[in-house]
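Below is one structure, written out as structure tokens, with a few remarks after it.
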Amino acid sequence: MQTEISQIMKKHFGFTDFKPGQGPVVASIMDKRDTVAVLPTGGGKSLCYQLPALMLPGLTLVISPLIALMKDQVDALNLQGIPASFINSSLSGSEVNHRLFLAKQGMFRLLYIAPERLESELFNQMLTDLPLSLVAIDEAHCISQWGHDFRPSYMQIGTWIASLSERPILAAFTATATARVRQDIINGLGLYEPQVFVNSFDRPNLRFAVEKSGDRSRYISQFLKEHPGQAGIIYAATRKEVDTLHEQLTKKGFEVARYHAGMNGSERSQAQDDFIYDRSQVIVATNAFGLGIDKSNVRFIIHHNMPRHLEAYYQEAGRAGRDGEPSDCILLYHAGDIQVQKYLIEQTDLTPERKAVEYEKLSSMIKYCHTSGCLRSYILDYFNEAMPGGDCDNCSNCIEGELQDVTIEAQKVFSCIYRMRQQYGSSLVASVLAGSRQKRVIQLGLDRLSTYGIMSDWKHAQLVEFINRLIAEGYLSSSGGRYPVVMLTSRTRPILRGEEKLWLKMLPIPAPQPANDDVFAALRELRMTIARQEKVPPYVVFTDATLQEMARRLPHNMSEMLDISGVGEVKLERYGQRFLEVLQNHS
């Protein structure tokens with residue numbers, strides 16, 4: 001069995017070894033066990049069901065919400081010599097019927113559909129005749145109301161499965177799922193004694209940074225100047241911010257695309273294609289963009305605004321560096337982002353209990369922006385995973401930081417909160433410390449406190465930032481909710497009494513990436529030519545990681561080319577000679 005798996009994997013996918021976590025998931029499916037797999041973005045979830053699809057006797061049905069990307073996914077499989085098709089709303093009724101007929105005849109190994117299709121009784125009836133061996137549910141966290149991307153259509157999947165006369169193997173995949181969400185997946189899909197695999201959330205090639213830049217547009221412009229030719233996504237919170245930032249960058253001469261739900265379908269498709277096919281290296285977008293984007297050479301993700309919670313942030317940031325190469329994930333924090341997120345929570349129709357959960361998640365996101373500890377360690381801890389070997393020495397908090405003694409400043413803050421009876425939020429505490437004459441301070445008589453104005457040399461925004469940092473480090477706590485109250489903790493007393501000193505670290509600016517060499521550039525140029533000829537995204541031909549290994553190893557013949565990771569027999573026969581000619585011209 002293992003030899004057969006290795007042969008099929010090399011022939012169709014170009015790999016001889018599994019990525020971490022893939023092997024046990026494939027083995028579970030091949031043992032005909034229901035399976036839940038939590039693998040990080042870039043961890044190779046799709047291989048875990050595509051490989052069994054080639055070995056199981058019947059059809060593998062893939063349920064995915066990524067309608068806009070189904071064609072790209074199917075095109076990529078067909079290029080790898082794997083017969084696959086899709087059914088979505090872009091097809092006519094007659095074409096749907098034709099593809100279902102071909103599926104019944106065993107013409108496909110994989111068939112992709114959207115979960116909304118299962119809401120149709122007629123379509124469900126048409127599926128009953130398919131020889132299903134495996135049903136793979138992608139983005140399975142969408143079934144949970146406690147996840148970050150709940151979709152009601154996913155609730156239909158379990159009902160449909162239960163209606164089948166012969167039950168196929170079920171395999172659910174997601175990149176981010178807490179223990180509660182994993183249980184919702186099992187219950188909602190009706191999985192039978194599933195094997196659950198939770199792989200490490202750690203992505204060592206990603207460099208995390210939080211920047212508190214006052215002029216975010218200027219920061220982004222400078223970053224793009226220092227990283228020419230690199231692919232990246234810039235996320236903004238609203239359509240208006242996307243349009244404004246896109247206009248600013250375009251006026252400065254940057255070639256950038258934009259994407260948000262306010263654009264019509266053809267405009268969005270054009271923007272997505274321009275980015276995927278490398279016609280635009282950078283795209284400015286809302287979080288409506290990116291789910292399922294399999295572009296492996298994204299070198300940076302910049303968040304123009306703070307997201308609401310870490311699940312969404314880590315999923316979006318995880319779209320960088322899928323090829324395993326070093327990539328930057330930068331969050332540009334501004335204090336106003338907190339109020340925007342609170343407003344958005346209040347505008348929802350969520351129950352009070354669910355709103356409380358959203359505020360709790362927001363609190364964790366705010367702490368991420370203010371901690372002076374290792375950012376990677378903070379993320380892993382949030383997902384209940386320990387950071388191996390201590391701090392990462394690679395995030396903005398770990399490298400080139402300068403510790404400063406802030407004991408006296410912290411004592412002033414603690415003393416003020418104590419005298420305000422721990423009944424108010426960080427903004428009002430900052431106003432008292434700064435000696436503000438705002439109406440509420442005077443009405444409450446807070447201007448008569450001994451701590452009033454004792455930090456008048458600080459700006460209000462700096463004080464709020466400092467208080468938030470103290471919360472993130474555990475020296476203060478926040479009650480959460482829409483109007484959080486700042487309180488002292490057990491860690492406060494030793495500082496306040498002068499028994500311990502408090503040191504905090506300053507945050508650095510990430511270093512720019514080095515440029516690619518001439519061989520790599522020539523290989524990318526050929527890849528672009530082939531991609532245009534075959535009308536597929538460049539990364540479908542070969543990923544950046546594969547091209548970089550070619551440039552590093554300079555294979556001289558087809559046999560040596562086959563040793564390159566990502567070069568399989570199918571692609572070697574299709575493209576190998578053309579890439580060898582480029583390599584020989586540079587050797």
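Residue numbering restarts at 1 for every chain of the structure tokens, chains are lettered A, B, ... in their displayed order, and ligands are numbered from 1 as they appear.
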| For range 30-39 of chain A: contacts at 8 Å, only C-alpha atoms, fewer than 2 positions along chain excluded, given as a VMD selection string | chain A and resid 21 25 to 28 41 43 to 45 52 56 169 to 177 182 186 191 to 201
| task | Identify, with DSSP run on backbone atoms, the residues in range 336-518 of chain A assigned to strand (DSSP E), and express the list as a ChimeraX atom specification. | result | /A:403-405,476-478,486-488,503-505
| said: Just want the 10 Å neighbourhood of Gln548 in chain A, counted on only C-alpha atoms, with same-chain residues fewer than 6 positions away dropped. Output as a list of chain:residue names. | reply: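 Using only C-alpha atoms, the neighbours found are A:Glu325, A:Asn516, A:Asp517, A:Val519, A:Phe520, A:Ala521, A:Leu523, A:Arg524, A:Leu554, A:Ile564.
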| field | Nearest candidate to Asp215 in chain A (options A:Cys329, A:Ala53, A:Ile161, A:Leu245; using only C-alpha atoms) | value |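 Checking each of A:Cys329, A:Ala53, A:Ile161, A:Leu245 against Asp215 in chain A, counting only C-alpha atoms, the winner is A:Leu245.
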| For CA of Gln272 in chain A and CA of His304 in chain A, the interatomic separation in Å (one decimal) |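 These atoms are spaced 19.3 Å apart.
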| Looking at A:Asp323, A:Asp274, A:Glu353, A:Asp72, which one is nearest to Asn297 in chain A, with distances taken over only C-alpha atoms? | A:Asp323
| task | One decimal, Å: what's the distance from CA of Arg482 in chain A over to CA of Ile366 in chain A, could you say? | result |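 Pair CA of Arg482 in chain A / CA of Ile366 in chain A returns 13.4 Å.
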| task | Please identify which residues in range 308-498 of chain A DSSP calls helix (DSSP H, G or I) from the backbone, and express them as a ChimeraX atom specification. | result | /A:310-317,336-346,352-370,375-382,407-419,426-434,439-443,446-448,460-472,492-496
As a PDB file with C-alpha atoms, in the first residue's frame, please: the residues near range 435-437 of chain A (cut-off 12 Å, only C-alpha atoms, same-chain neighbours under 2 positions excluded).
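Output file result_31.pdb is given in full below:
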```
ATOM      1  CA  CYS A 416      -4.719  56.013  39.165  1.00  0.00           C
ATOM      2  CA  SER A 427      -9.702  55.914  27.739  1.00  0.00           C
ATOM      3  CA  LEU A 428     -11.028  57.655  30.849  1.00  0.00           C
ATOM      4  CA  VAL A 429      -8.037  56.492  32.927  1.00  0.00           C
ATOM      5  CA  ALA A 430      -5.759  57.983  30.262  1.00  0.00           C
ATOM      6  CA  SER A 431      -7.720  61.257  30.355  1.00  0.00           C
ATOM      7  CA  VAL A 432      -7.241  61.538  34.124  1.00  0.00           C
ATOM      8  CA  LEU A 433      -3.516  60.768  33.918  1.00  0.00           C
ATOM      9  CA  LYS A 439     -16.625  67.243  30.580  1.00  0.00           C
ATOM     10  CA  ARG A 440     -16.933  63.698  31.955  1.00  0.00           C
ATOM     11  CA  VAL A 441     -13.697  63.961  33.981  1.00  0.00           C
ATOM     12  CA  ILE A 442     -14.944  67.136  35.670  1.00  0.00           C
ATOM     13  CA  GLN A 443     -18.521  65.855  36.214  1.00  0.00           C
ATOM     14  CA  LEU A 444     -17.245  62.723  37.959  1.00  0.00           C
ATOM     15  CA  GLY A 445     -14.861  64.772  40.100  1.00  0.00           C
ATOM     16  CA  LEU A 446     -11.873  62.847  38.829  1.00  0.00           C
ATOM     17  CA  ASP A 447      -9.879  66.062  38.488  1.00  0.00           C
ATOM     18  CA  ARG A 448      -9.646  66.094  42.297  1.00  0.00           C
ATOM     19  CA  LEU A 449      -7.712  62.807  42.450  1.00  0.00           C
ATOM     20  CA  SER A 450      -4.031  62.955  43.426  1.00  0.00           C
ATOM     21  CA  THR A 451      -3.168  61.113  40.199  1.00  0.00           C
ATOM     22  CA  TYR A 452      -4.885  63.713  38.010  1.00  0.00           C
ATOM     23  CA  GLY A 453      -2.361  65.064  35.494  1.00  0.00           C
ATOM     24  CA  ILE A 454       0.655  63.110  36.817  1.00  0.00           C
ATOM     25  CA  MET A 455       1.443  61.950  33.263  1.00  0.00           C
ATOM     26  CA  SER A 456       0.559  65.192  31.466  1.00  0.00           C
ATOM     27  CA  ASP A 457       3.733  64.907  29.367  1.00  0.00           C
ATOM     28  CA  TRP A 458       2.178  61.887  27.599  1.00  0.00           C
ATOM     29  CA  LYS A 459      -0.371  62.155  24.811  1.00  0.00           C
ATOM     30  CA  HIS A 460      -3.769  60.537  25.409  1.00  0.00           C
ATOM     31  CA  LEU A 463      -1.395  56.424  27.498  1.00  0.00           C
TER      32      LEU A 463
END
```
| Shell around Arg207 in chain A at 8 Å using only C-alpha atoms, local window under 4 positions removed, as a PyMOL selection string | chain A and resi 326-329+394-396
| query | Rounded to one decimal in Å, what is the spacing between CA of Gln230 in chain A and CA of Pro40 in chain A? | reply |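 Here the two named atoms are 22.6 Å from each other.
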Extract, using only C-alpha atoms, all DNA, RNA and protein residues at most 10 Å from Glu166 in chain A, discarding same-chain residues fewer than 5 positions from it, and format them as a compact mmCIF listing (two decimals) with C-alpha atoms, in the first residue's frame.
```txt
# COMPACT_ATOMS: atom_id res chain seq x y z
CA THR A 128 -28.09 9.19 -5.36
CA PRO A 131 -20.83 5.65 -7.04
CA LEU A 132 -19.55 7.60 -4.02
CA SER A 133 -16.56 6.26 -2.11
CA ILE A 161 -25.49 12.08 4.14
```
| Smallest atom-to-atom distance to Cys398 in chain A: which of A:Phe542, A:Phe254, A:Pro484, A:Ala209, using only C-alpha atoms? | A:Ala209
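The residue that comes closest to Arg376 in chain A, out of A:Asn205, A:Gln50, A:Ser90, A:Ser426 and on the basis of only C-alpha atoms, is A:Asn205.
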